[in-house]
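**Q** To be precise about what I am sending: the file is called upload.cif and holds mmCIF, C-alpha atoms and all ligand atoms.
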```cif
data_upload
#
loop_
_atom_site.label_atom_id
_atom_site.label_comp_id
_atom_site.auth_asym_id
_atom_site.auth_seq_id
_atom_site.Cartn_x
_atom_site.Cartn_y
_atom_site.Cartn_z
CA MET S 1 114.21 271.38 67.97
CA ALA S 2 113.70 269.02 65.07
CA LYS S 3 110.71 266.71 65.07
CA LYS S 4 111.76 263.11 65.17
CA LYS S 5 109.97 260.16 63.67
CA ALA S 6 108.61 257.54 66.02
CA GLU S 7 111.69 255.29 65.62
CA GLY S 8 113.99 258.19 66.48
CA TYR S 9 115.37 258.60 62.97
CA LEU S 10 115.59 261.97 61.26
CA SER S 11 114.53 262.44 57.66
CA GLY S 12 117.17 263.62 55.20
CA ARG S 13 115.53 266.99 55.04
CA GLU S 14 115.51 267.45 58.79
CA ALA S 15 119.14 266.33 59.03
CA ARG S 16 120.15 268.90 56.41
CA ARG S 17 118.26 271.60 58.23
CA ILE S 18 119.97 270.72 61.52
CA ALA S 19 123.39 270.64 59.83
CA LYS S 20 122.81 274.06 58.31
CA GLU S 21 121.62 275.54 61.57
CA ASN S 22 124.63 274.01 63.39
CA ARG S 23 127.03 275.52 60.90
CA ARG S 24 125.51 278.93 61.38
CA ILE S 25 125.88 278.74 65.16
CA THR S 26 129.37 277.22 65.25
CA ASN S 27 130.70 279.61 62.58
CA ALA S 28 129.73 282.52 64.79
CA PHE S 29 131.60 281.00 67.76
CA GLU S 30 134.66 280.21 65.67
CA LYS S 31 134.84 283.69 64.19
CA GLN S 32 134.86 285.13 67.69
CA ARG S 33 137.64 282.80 68.81
CA LYS S 34 139.95 283.22 65.83
CA ARG S 35 140.24 286.99 66.17
CA LYS S 36 143.74 288.40 66.50
CA ASN S 37 144.91 291.07 68.96
CA VAL S 38 141.96 290.73 71.28
CA PRO S 39 142.32 293.21 74.19
CA GLU S 40 142.97 291.56 77.54
CA SER S 41 140.02 293.40 79.05
CA GLU S 42 137.67 291.07 77.16
CA TYR S 43 138.70 288.01 79.12
CA LEU S 44 139.88 289.60 82.36
CA THR S 45 137.69 288.70 85.31
CA HIS S 46 137.75 288.32 89.12
CA MET S 47 137.90 285.17 91.19
CA ALA S 48 134.91 284.80 93.50
CA ASP S 49 137.40 283.54 96.09
CA PRO S 50 141.15 284.27 95.68
CA ASN S 51 141.96 280.93 97.38
CA ASN S 52 140.68 279.06 94.35
CA ALA S 53 142.86 278.08 91.42
CA VAL S 54 139.92 277.42 89.10
CA GLU S 55 136.23 278.23 89.35
CA PHE S 56 133.72 276.61 86.99
CA ASP S 57 130.64 278.81 87.05
CA ASN S 58 127.46 277.63 85.36
CA LEU S 59 129.41 276.02 82.52
CA HIS S 60 127.39 274.85 79.51
CA THR S 61 129.28 272.93 76.82
CA TYR S 62 127.27 271.64 73.87
CA PHE S 63 128.09 269.58 70.80
CA TYR S 64 126.24 270.59 67.66
CA THR S 65 125.92 267.18 65.99
CA ASP S 66 123.90 266.16 62.95
CA ALA S 67 121.45 264.36 65.20
CA GLY S 68 120.82 267.44 67.34
CA VAL S 69 122.44 269.40 70.14
CA VAL S 70 124.15 267.21 72.75
CA LYS S 71 124.12 269.07 76.06
CA SER S 72 127.19 267.32 77.46
CA VAL S 73 127.75 269.80 80.26
CA ASP S 74 124.67 271.69 81.33
CA GLY S 75 125.25 274.15 84.15
CA VAL S 76 128.25 272.82 86.06
CA SER S 77 129.66 274.87 88.95
CA PHE S 78 132.45 273.88 91.30
CA GLU S 79 135.83 275.18 92.35
CA VAL S 80 139.34 273.80 92.67
CA PRO S 81 141.10 275.42 95.66
CA ILE S 82 144.83 276.19 95.46
CA GLY S 83 147.00 273.26 96.54
CA LYS S 84 144.05 270.86 96.84
CA THR S 85 142.88 267.84 94.87
CA VAL S 86 139.31 267.76 93.63
CA GLY S 87 137.98 264.38 92.53
CA VAL S 88 135.34 264.33 89.84
CA VAL S 89 133.26 261.13 89.69
CA GLY S 90 130.27 260.00 87.71
CA GLU S 91 129.01 257.47 85.24
CA SER S 92 130.53 257.11 81.80
CA GLY S 93 129.26 259.88 79.54
CA CYS S 94 128.24 262.27 82.32
CA GLY S 95 130.53 265.02 81.01
CA LYS S 96 133.67 264.72 83.14
CA SER S 97 136.09 264.83 80.22
CA VAL S 98 134.12 267.51 78.42
CA THR S 99 134.32 269.70 81.56
CA SER S 100 138.09 269.33 81.69
CA LEU S 101 138.51 269.79 77.94
CA SER S 102 136.50 273.02 78.22
CA LEU S 103 139.09 274.30 80.68
CA MET S 104 141.92 273.34 78.31
CA GLN S 105 140.00 274.62 75.26
CA LEU S 106 140.68 271.28 73.63
CA LEU S 107 137.09 270.46 72.70
CA GLN S 108 136.54 268.89 69.34
CA ARG S 109 135.76 271.96 67.28
CA PRO S 110 133.83 273.40 65.59
CA GLN S 111 130.98 271.21 66.85
CA GLY S 112 132.00 271.40 70.54
CA GLN S 113 131.44 274.87 72.01
CA VAL S 114 131.15 276.49 75.41
CA VAL S 115 127.85 278.31 75.03
CA GLU S 116 127.38 279.80 78.47
CA GLY S 117 129.12 280.30 81.80
CA GLU S 118 132.62 281.15 82.95
CA ILE S 119 135.76 279.21 83.79
CA ARG S 120 137.87 281.51 85.92
CA LEU S 121 141.56 280.78 86.12
CA ASN S 122 143.61 282.34 88.91
CA MET S 123 146.82 283.76 87.42
CA GLY S 124 148.11 285.13 90.72
CA ASP S 125 147.78 288.87 90.28
CA LYS S 126 144.75 288.61 87.98
CA ALA S 127 142.15 286.16 86.73
CA TYR S 128 141.20 285.10 83.22
CA ASP S 129 137.93 283.73 81.91
CA VAL S 130 139.13 280.82 79.80
CA THR S 131 135.87 280.55 77.86
CA LYS S 132 136.43 284.01 76.35
CA MET S 133 140.11 283.64 75.60
CA PRO S 134 141.11 283.63 71.94
CA ASN S 135 143.28 280.79 70.58
CA GLU S 136 146.46 282.89 70.59
CA GLN S 137 146.36 283.59 74.33
CA MET S 138 145.15 280.14 75.21
CA GLN S 139 148.30 278.64 73.77
CA LYS S 140 150.38 280.52 76.32
CA ILE S 141 148.24 279.25 79.21
CA ARG S 142 148.14 275.61 78.17
CA GLY S 143 151.10 273.71 79.55
CA ASN S 144 152.30 276.70 81.57
CA TYR S 145 149.36 277.20 83.94
CA VAL S 146 147.10 274.25 83.19
CA SER S 147 148.18 270.93 81.84
CA MET S 148 146.53 267.61 81.32
CA ILE S 149 147.38 263.95 81.73
CA PHE S 150 145.22 261.74 79.54
CA GLN S 151 143.79 258.33 80.13
CA GLU S 152 145.70 256.44 77.46
CA PRO S 153 149.38 257.46 77.30
CA MET S 154 149.96 255.96 73.84
CA THR S 155 147.49 258.41 72.33
CA SER S 156 149.29 261.44 73.76
CA LEU S 157 152.77 260.35 72.67
CA ASN S 158 153.81 260.52 69.05
CA PRO S 159 154.92 257.02 67.99
CA VAL S 160 157.49 258.23 65.44
CA PHE S 161 159.58 260.46 67.71
CA ARG S 162 161.94 259.48 70.49
CA ILE S 163 160.85 260.17 74.07
CA GLY S 164 163.63 262.70 74.59
CA GLU S 165 162.67 264.76 71.55
CA GLN S 166 159.05 264.91 72.65
CA VAL S 167 159.80 266.11 76.18
CA ASP S 168 162.44 268.53 74.85
CA GLU S 169 159.86 270.05 72.56
CA VAL S 170 157.51 270.85 75.46
CA ILE S 171 160.30 272.60 77.37
CA ALA S 172 161.58 274.44 74.31
CA LEU S 173 158.09 275.65 73.45
CA HIS S 174 157.21 277.02 76.87
CA HIS S 175 160.47 277.71 78.72
CA GLY S 176 162.99 277.57 75.90
CA GLU S 177 164.10 281.18 75.78
CA GLY S 178 167.82 281.59 76.32
CA LYS S 179 168.36 277.87 76.76
CA THR S 180 170.80 275.80 74.73
CA LYS S 181 169.95 272.33 73.42
CA GLU S 182 172.14 270.89 76.15
CA ASP S 183 170.24 272.77 78.90
CA ILE S 184 166.96 271.49 77.57
CA LYS S 185 168.20 267.92 77.42
CA ASN S 186 169.46 268.12 80.99
CA ARG S 187 166.07 269.40 82.14
CA THR S 188 164.36 266.50 80.32
CA ILE S 189 166.63 263.95 82.00
CA GLU S 190 165.93 265.62 85.34
CA LEU S 191 162.17 265.38 84.73
CA LEU S 192 162.39 261.71 83.70
CA GLU S 193 164.27 261.00 86.90
CA MET S 194 161.76 262.97 88.94
CA VAL S 195 158.92 260.74 87.72
CA GLY S 196 160.87 257.66 88.74
CA ILE S 197 162.32 256.43 85.45
CA ALA S 198 165.55 254.70 86.44
CA ASN S 199 167.28 254.45 83.08
CA SER S 200 166.64 258.08 82.10
CA GLN S 201 169.53 258.37 79.61
CA GLY S 202 168.40 255.19 77.87
CA VAL S 203 164.73 256.13 77.84
CA TYR S 204 165.64 259.51 76.36
CA GLN S 205 166.72 257.65 73.19
CA MET S 206 163.76 255.25 73.05
CA TYR S 207 160.54 255.30 71.08
CA PRO S 208 157.17 255.13 72.92
CA HIS S 209 156.53 251.52 71.81
CA GLU S 210 159.71 250.41 73.55
CA LEU S 211 158.34 251.43 76.97
CA SER S 212 155.84 249.69 79.21
CA GLY S 213 152.42 251.28 79.84
CA GLY S 214 153.46 252.50 83.29
CA MET S 215 156.64 254.08 81.92
CA ARG S 216 154.71 255.77 79.13
CA GLN S 217 152.28 257.24 81.64
CA ARG S 218 155.24 258.51 83.67
CA VAL S 219 156.63 260.18 80.55
CA CYS S 220 153.24 261.85 80.03
CA ILE S 221 153.27 263.03 83.63
CA ALA S 222 156.79 264.39 83.12
CA MET S 223 155.58 266.30 80.05
CA ALA S 224 152.55 267.63 81.91
CA LEU S 225 154.72 268.82 84.79
CA ALA S 226 157.55 270.18 82.65
CA CYS S 227 156.50 273.79 83.21
CA SER S 228 155.32 273.44 86.84
CA PRO S 229 151.67 274.16 86.02
CA LYS S 230 149.38 275.64 88.65
CA VAL S 231 146.56 273.27 87.73
CA ILE S 232 146.94 269.65 86.66
CA ILE S 233 144.01 267.83 85.13
CA ALA S 234 144.35 264.08 85.40
CA ASP S 235 141.67 262.34 83.33
CA GLU S 236 141.67 258.75 84.56
CA PRO S 237 145.47 258.64 84.52
CA THR S 238 145.70 255.16 85.97
CA THR S 239 142.83 253.33 84.27
CA ALA S 240 145.15 251.69 81.74
CA LEU S 241 147.61 250.51 84.38
CA ASP S 242 147.72 247.51 86.67
CA VAL S 243 147.05 247.99 90.37
CA THR S 244 150.63 248.14 91.69
CA ILE S 245 151.79 250.56 89.01
CA GLN S 246 148.60 252.52 89.63
CA ALA S 247 149.52 252.97 93.29
CA GLN S 248 153.02 254.12 92.32
CA VAL S 249 151.72 256.62 89.78
CA LEU S 250 149.24 258.01 92.33
CA ASP S 251 152.01 258.39 94.91
CA LEU S 252 154.13 260.12 92.34
CA LEU S 253 151.37 262.57 91.43
CA ARG S 254 150.71 263.38 95.06
CA ASN S 255 154.36 264.02 95.84
CA LEU S 256 154.93 266.12 92.75
CA LYS S 257 151.83 268.16 93.44
CA ASP S 258 153.12 269.04 96.90
CA LYS S 259 156.53 269.87 95.49
CA ILE S 260 155.23 272.45 93.03
CA ASN S 261 152.13 273.38 95.11
CA SER S 262 149.63 272.92 92.32
CA SER S 263 146.00 271.91 92.36
CA ILE S 264 144.77 268.69 90.80
CA MET S 265 141.44 268.02 89.16
CA PHE S 266 141.27 264.26 89.29
CA ILE S 267 138.75 262.49 87.08
CA THR S 268 138.03 258.85 87.75
CA HIS S 269 135.44 256.08 88.02
CA ASP S 270 137.32 254.60 90.92
CA LEU S 271 136.00 255.61 94.33
CA GLY S 272 138.98 254.01 96.04
CA VAL S 273 141.32 256.33 94.16
CA ILE S 274 139.16 259.31 95.12
CA ALA S 275 139.24 258.36 98.81
CA GLU S 276 143.01 258.19 98.65
CA MET S 277 143.75 261.25 96.53
CA ALA S 278 141.03 263.87 96.89
CA ASP S 279 140.27 266.62 99.40
CA TYR S 280 136.95 267.47 97.76
CA VAL S 281 134.59 265.40 95.63
CA VAL S 282 132.27 266.51 92.84
CA VAL S 283 129.65 263.97 91.75
CA MET S 284 128.33 264.48 88.22
CA TYR S 285 125.29 262.96 86.61
CA ALA S 286 124.09 263.56 83.04
CA GLY S 287 126.01 266.80 82.56
CA ARG S 288 125.25 268.32 85.95
CA VAL S 289 126.76 268.35 89.41
CA VAL S 290 124.33 266.48 91.68
CA GLU S 291 126.41 266.66 94.83
CA LYS S 292 129.69 268.13 96.04
CA GLY S 293 131.49 268.27 99.37
CA THR S 294 134.65 267.30 101.20
CA VAL S 295 135.81 263.74 100.73
CA HIS S 296 134.72 262.97 104.29
CA GLU S 297 131.21 264.32 103.74
CA ILE S 298 130.68 262.44 100.52
CA PHE S 299 131.96 259.12 101.84
CA SER S 300 130.47 259.16 105.33
CA ASN S 301 127.28 261.04 104.59
CA PRO S 302 126.33 260.75 100.89
CA ALA S 303 123.12 262.68 100.30
CA HIS S 304 122.06 262.31 96.66
CA PRO S 305 120.41 258.97 95.78
CA TYR S 306 122.92 258.59 92.93
CA THR S 307 125.90 259.05 95.29
CA ILE S 308 124.30 256.67 97.77
CA GLY S 309 123.96 254.14 94.94
CA LEU S 310 127.60 254.67 93.93
CA MET S 311 128.76 254.06 97.49
CA ALA S 312 126.62 250.92 97.74
CA SER S 313 128.04 249.57 94.50
CA LYS S 314 131.66 249.57 95.64
CA PRO S 315 133.06 246.38 97.15
CA VAL S 316 134.06 246.51 100.82
CA VAL S 317 136.88 244.29 102.08
CA GLY S 318 135.63 241.79 104.65
CA LYS S 319 131.95 242.30 103.85
CA GLN S 320 130.20 239.24 102.42
CA VAL S 321 127.64 239.98 99.71
CA ASP S 322 126.13 237.68 97.08
CA LYS S 323 126.01 240.36 94.44
CA LEU S 324 127.21 243.97 94.37
CA TYR S 325 124.51 246.64 94.19
CA SER S 326 123.97 248.20 90.77
CA ILE S 327 121.92 251.31 90.03
CA PRO S 328 118.97 250.24 87.86
CA GLY S 329 118.06 251.90 84.57
CA LYS S 330 120.17 254.09 82.31
CA VAL S 331 121.15 257.72 81.79
CA PRO S 332 118.64 259.85 79.83
CA ASN S 333 119.42 260.69 76.20
CA PRO S 334 121.64 263.82 76.23
CA ILE S 335 119.92 265.19 73.11
CA ASP S 336 116.53 265.08 74.76
CA MET S 337 116.80 265.64 78.51
CA PRO S 338 113.63 265.51 80.63
CA ASN S 339 112.42 268.72 82.29
CA TYR S 340 112.41 267.14 85.77
CA CYS S 341 115.27 265.72 87.86
CA TYR S 342 117.49 263.71 85.46
CA PHE S 343 117.88 260.93 87.98
CA LYS S 344 114.17 260.57 88.80
CA ASP S 345 113.50 257.65 86.44
CA ARG S 346 116.19 255.56 88.14
CA CYS S 347 115.66 256.83 91.66
CA GLU S 348 114.44 254.48 94.36
CA MET S 349 114.01 257.24 96.94
CA CYS S 350 111.55 259.59 95.24
CA VAL S 351 109.54 261.93 97.44
CA ALA S 352 106.63 264.29 96.80
CA GLY S 353 107.81 267.09 94.52
CA CYS S 354 110.21 264.99 92.41
CA GLU S 355 107.98 265.41 89.35
CA GLY S 356 108.58 269.17 89.52
CA GLU S 357 111.32 271.06 87.65
CA TYR S 358 115.02 270.16 88.05
CA PRO S 359 115.85 270.56 91.77
CA CYS S 360 118.08 273.45 92.76
CA GLN S 361 121.09 273.19 95.01
CA VAL S 362 120.50 272.73 98.75
CA GLN S 363 123.26 273.50 101.22
CA LEU S 364 123.76 270.86 103.91
CA SER S 365 126.97 272.27 105.45
CA PRO S 366 129.37 275.09 104.52
CA THR S 367 131.01 272.75 101.99
CA HIS S 368 128.31 270.17 101.24
CA PHE S 369 125.74 270.81 98.47
CA VAL S 370 123.16 268.53 96.91
CA SER S 371 120.51 268.94 94.19
CA CYS S 372 117.63 266.80 95.40
CA TYR S 373 114.05 267.27 96.57
CA ARG S 374 114.67 265.06 99.60
CA TYR S 375 116.52 267.95 101.25
CA TYR S 376 114.11 270.77 100.54
CA ASP S 377 113.31 270.86 104.28
CA HIS S 378 116.87 272.02 104.90
CA LYS S 379 116.38 274.72 102.34
CA ASN S 380 113.27 276.02 104.06
CA GLN S 381 115.24 276.13 107.28
CA GLY S 382 117.64 278.66 105.86
CA GLY S 383 119.77 276.66 103.40
CA GLU S 384 120.85 278.29 100.18
CA GLY S 385 118.87 277.88 96.96
N1 LIG S 401 133.11 265.14 69.98
C1 LIG S 401 131.89 264.86 70.45
N2 LIG S 401 130.80 264.94 69.64
C2 LIG S 401 129.57 264.68 70.11
N3 LIG S 401 129.29 264.33 71.38
C3 LIG S 401 130.34 264.23 72.23
C4 LIG S 401 131.69 264.48 71.82
N4 LIG S 401 132.51 264.30 72.88
C5 LIG S 401 131.71 263.94 73.91
N5 LIG S 401 130.40 263.89 73.53
C6 LIG S 401 129.26 263.55 74.38
O1 LIG S 401 129.34 264.27 75.59
C7 LIG S 401 128.91 263.48 76.68
C8 LIG S 401 129.94 263.52 77.77
O2 LIG S 401 131.13 262.89 77.34
P1 LIG S 401 132.45 262.80 78.24
O3 LIG S 401 133.53 262.34 77.35
O4 LIG S 401 132.65 264.08 78.97
O5 LIG S 401 132.06 261.67 79.28
P2 LIG S 401 132.89 261.19 80.54
O6 LIG S 401 132.11 261.57 81.75
O7 LIG S 401 134.30 261.67 80.45
O8 LIG S 401 132.82 259.61 80.36
P3 LIG S 401 133.96 258.50 80.59
O9 LIG S 401 133.92 258.22 82.05
O10 LIG S 401 133.46 257.34 79.80
O11 LIG S 401 135.25 259.03 80.11
C9 LIG S 401 128.62 262.10 76.11
O12 LIG S 401 127.23 261.96 75.99
C10 LIG S 401 129.30 262.10 74.79
O13 LIG S 401 128.58 261.30 73.87
MG MG S 402 136.16 260.72 80.00
#
```
Reformat the file's structure so that it appears as structure tokens.

**A**
Amino acid sequence: MAKKKAEGYLSGREARRIAKENRRITNAFEKQRKRKNVPESEYLTHMADPNNAVEFDNLHTYFYTDAGVVKSVDGVSFEVPIGKTVGVVGESGCGKSVTSLSLMQLLQRPQGQVVEGEIRLNMGDKAYDVTKMPNEQMQKIRGNYVSMIFQEPMTSLNPVFRIGEQVDEVIALHHGEGKTKEDIKNRTIELLEMVGIANSQGVYQMYPHELSGGMRQRVCIAMALACSPKVIIADEPTTALDVTIQAQVLDLLRNLKDKINSSIMFITHDLGVIAEMADYVVVMYAGRVVEKGTVHEIFSNPAHPYTIGLMASKPVVGKQVDKLYSIPGKVPNPIDMPNYCYFKDRCEMCVAGCEGEYPCQVQLSPTHFVSCYRYYDHKNQGGEG
């Protein structure tokens, strides 16, 4: 680790040294990933539980930046069961998007790299470890098995092509074999209608800027669902929309998910959306999972002080308060994480032991896990470490 000056600036020499070291590390990763004709056995794996669609297992995703290594995701484990929705919540910058981009292999490369851990993807008769898959194979998985809906629809649509052409392209690329242009167009129109666009023939001819934000997001959903993926990642799909359109888009996602029996990994800041959409909740803080459980457990019995703070900071209809609760302090610097619990400096519920190393996971129920020293009693009574 480079020595920093008191003000936190790096000298030119140190910066060059870091850049050189980064290049060495990322080049090695890239070389591995760009290989051709990699045997399947290298990325074949087994699901820990065949009822899961995706299993994140001790995922570490780092960015090798000129200022040092940003440990964006640092040991994240959770699973997305088949046919269920898993909500991922946490403060801005806690690594939610980086976790989902790791699954899609869409990290900004070469600086962004998965350095440790597995992401197991259930392919039905077999399972793949996405982190070890070379680019070639990954292209076949993306869109077909896993697809993603992004926060800002305008950034995922190309402004210079008509809507129809863009959706056609997705279908042609993944399911185009043996289909005529007419077949593909009909499928596009069908998809646009499925996501609730009334004037589908008209929209087919339009450019993205001619649509409203809600319509654009629907087009993105149509593109994401074009190949009936097994796993849909929705990264704050409704943040850019107003509340009524938001409710419609959420309804749409839920209905479509049931129709094609996929799983959804739903990333959001909005606890209300989680309560409505999710079966399970994963709470992340500073690149780690601090608590996970069923939606009922997390909402009625939050265990981690951060989750408790989150719950206290959401407005409740009919409850009079002068000021909403806010969690004091700020997230630690991801380049220089402390060696004790990352939340300790902001925590108002510290107990003896909190100054020790990062707390391990304590099991509170078959589905409820928390990483916090306050529950070490449970652990001693037979909980899992
Ligand atoms: N390309 C990149 N280069 C360097 N650091 C990055 C890059 N992308 C993300 N990070 C860092 O990784 C961390 C996690 O970012 P991420 O985008 O996953 O946050 P998030 O939880 O999705 O936040 P938000 O709720 O604001 O979308 C942040 O500290 C961010 O600065
Ligand atoms: Mg994000």

**Q** Counting all atoms listed in the file, which residue out of S:Phe266, S:Phe78, S:Tyr376, S:Tyr325 sits closest to Met148 (chain S)?

**A** S:Phe266

**Q** Do a neighbour search on region 301-311 of chain S at 10 Å with all atoms listed in the file, toss out local chain neighbours closer than 6 positions, and write the hits as a CSV table (one decimal) with C-alpha atoms, in the frame of the given file.

**A**
```csv
chain,number,residue,atom,x,y,z
S,89,VAL,CA,133.3,261.1,89.7
S,90,GLY,CA,130.3,260.0,87.7
S,91,GLU,CA,129.0,257.5,85.2
S,269,HIS,CA,135.4,256.1,88.0
S,271,LEU,CA,136.0,255.6,94.3
S,283,VAL,CA,129.6,264.0,91.8
S,284,MET,CA,128.3,264.5,88.2
S,285,TYR,CA,125.3,263.0,86.6
S,290,VAL,CA,124.3,266.5,91.7
S,291,GLU,CA,126.4,266.7,94.8
S,292,LYS,CA,129.7,268.1,96.0
S,293,GLY,CA,131.5,268.3,99.4
S,295,VAL,CA,135.8,263.7,100.7
S,325,TYR,CA,124.5,246.6,94.2
S,326,SER,CA,124.0,248.2,90.8
S,327,ILE,CA,121.9,251.3,90.0
S,328,PRO,CA,119.0,250.2,87.9
S,343,PHE,CA,117.9,260.9,88.0
S,344,LYS,CA,114.2,260.6,88.8
S,346,ARG,CA,116.2,255.6,88.1
S,347,CYS,CA,115.7,256.8,91.7
S,348,GLU,CA,114.4,254.5,94.4
S,349,MET,CA,114.0,257.2,96.9
S,350,CYS,CA,111.6,259.6,95.2
S,364,LEU,CA,123.8,270.9,103.9
S,368,HIS,CA,128.3,270.2,101.2
S,369,PHE,CA,125.7,270.8,98.5
S,370,VAL,CA,123.2,268.5,96.9
S,371,SER,CA,120.5,268.9,94.2
S,372,CYS,CA,117.6,266.8,95.4
S,373,TYR,CA,114.0,267.3,96.6
S,374,ARG,CA,114.7,265.1,99.6
S,375,TYR,CA,116.5,268.0,101.2
```

**Q** Grab the CA of Asp258 (chain S) to CA of Val231 (chain S) distance for me, in Å with one decimal place.

**A**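 Distance reported for this atom pair: 12.0 Å.
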
**Q** Excluding Leu121 (chain S) and its own-chain neighbours fewer than 4 positions away, which residues fall within 8 Å of it when counting all atoms listed in the file? Please give them as a list in words.

**A**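 Non-adjacent residues within range: Met47, Ala53, Val54, Glu55, Ala127, Tyr128, Asp129 and Val130 of chain S.
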
**Q** Once you count all atoms listed in the file, which residues end up no further than 9 Å from (124.9, 270.8, 61.4) in the file's frame, shown as a JSON list (two decimals) with C-alpha atoms, in the frame of the given file?

**A**
```json
[["chain", "number", "residue", "atom", "x", "y", "z"],
["S", 15, "ALA", "CA", 119.14, 266.33, 59.03],
["S", 16, "ARG", "CA", 120.15, 268.90, 56.41],
["S", 17, "ARG", "CA", 118.26, 271.60, 58.23],
["S", 18, "ILE", "CA", 119.97, 270.72, 61.52],
["S", 19, "ALA", "CA", 123.39, 270.64, 59.83],
["S", 20, "LYS", "CA", 122.81, 274.06, 58.31],
["S", 21, "GLU", "CA", 121.62, 275.54, 61.57],
["S", 22, "ASN", "CA", 124.63, 274.01, 63.39],
["S", 23, "ARG", "CA", 127.03, 275.52, 60.90],
["S", 24, "ARG", "CA", 125.51, 278.93, 61.38],
["S", 25, "ILE", "CA", 125.88, 278.74, 65.16],
["S", 26, "THR", "CA", 129.37, 277.22, 65.25],
["S", 64, "TYR", "CA", 126.24, 270.59, 67.66],
["S", 65, "THR", "CA", 125.92, 267.18, 65.99],
["S", 66, "ASP", "CA", 123.90, 266.16, 62.95],
["S", 67, "ALA", "CA", 121.45, 264.36, 65.20],
["S", 68, "GLY", "CA", 120.82, 267.44, 67.34],
["S", 111, "GLN", "CA", 130.98, 271.21, 66.85]]
```

**Q** Return as a count of residues only every polymer residue, whether protein, DNA or RNA, with at least one atom no more than 12 Å from an atom of ligand MG 402 (chain S); count all atoms listed in the file.

**A** 30

**Q** So the first atom is CA of Gly329 (chain S) and the second is CA of Asp74 (chain S); what is the distance between them in Å, to one decimal place?

**A**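 So the two atoms, CA of Gly329 (chain S) and CA of Asp74 (chain S), lie 21.1 Å apart.
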
**Q** Go through S:Val331, S:Ile189, S:Ile184, S:Cys341 and flag the residue nearest ligand LIG 401 (chain S), using all atoms listed in the file for the distances.

**A** S:Val331

**Q** Identify, on the basis of only C-alpha atoms, every residue whose closest approach to Val76 (chain S) does not exceed 7 Å; exclude the query and any residue fewer than 2 positions from it along the same chain; express the result as a ChimeraX atom specification.

**A** /S:56-60,73-74,78,288-289

**Q** Counting only C-alpha atoms, I want the residues whose atoms come within 7 Å of (166.6, 272.9, 73.9) in the file frame, returned as JSON, numbers by chain.

**A** {"S": [168, 172, 176, 179, 180, 181, 182, 183, 184, 185]}

**Q** Name all residues at most 10 Å from Glu40 (chain S) (count all atoms listed in the file; drop same-chain ones fewer than 6 positions away) and give them as a ChimeraX atom specification.

**A** /S:128,133-134,137

**Q** For the selection you just gave me, I'd like the residues written to a file as a PDB file, in the coordinates of the input, keeping C-alpha atoms.

**A**
```pdb
ATOM      1  CA  TYR S 128     141.200 285.100  83.220  1.00  0.00           C
ATOM      2  CA  MET S 133     140.110 283.640  75.600  1.00  0.00           C
ATOM      3  CA  PRO S 134     141.110 283.630  71.940  1.00  0.00           C
ATOM      4  CA  GLN S 137     146.360 283.590  74.330  1.00  0.00           C
TER       5      GLN S 137
END
```

**Q** Hey, what's within 10 Å of Gln205 (chain S) if we count only C-alpha atoms and toss same-chain stuff fewer than 3 positions away? As a PyMOL selection string, please?

**A** chain S and resi 161-165+200-202+208

**Q** Please determine an axis-aligned box that encloses all atoms of ligand LIG 401 (chain S) listed in the file, with 4 Å added on each side, and express its centre and edge lengths in Å to one decimal as AutoDock Vina command-line options.

**A**
```
--center_x 131.2 --center_y 261.2 --center_z 75.8 --size_x 16.0 --size_y 15.8 --size_z 20.4
```

**Q** Name the closest residue to ligand LIG 401 (chain S) among the candidates S:Tyr43, S:Tyr9, S:Tyr145, S:Phe63; distances are taken between atoms, counting only C-alpha atoms and all ligand atoms.

**A** S:Phe63

**Q** Using all atoms listed in the file for the distances, tell me which of S:Val86, S:Val170, S:Val70, S:Leu10 is nearest to ligand LIG 401 (chain S).

**A**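 Between S:Val86, S:Val170, S:Val70, S:Leu10, the residue approaching ligand LIG 401 (chain S) most closely is S:Val70.
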
**Q** Mind giving me the straight-line distance from CA of Asn333 (chain S) to CA of Gln105 (chain S) in Å, one decimal?

**A** 24.9 Å
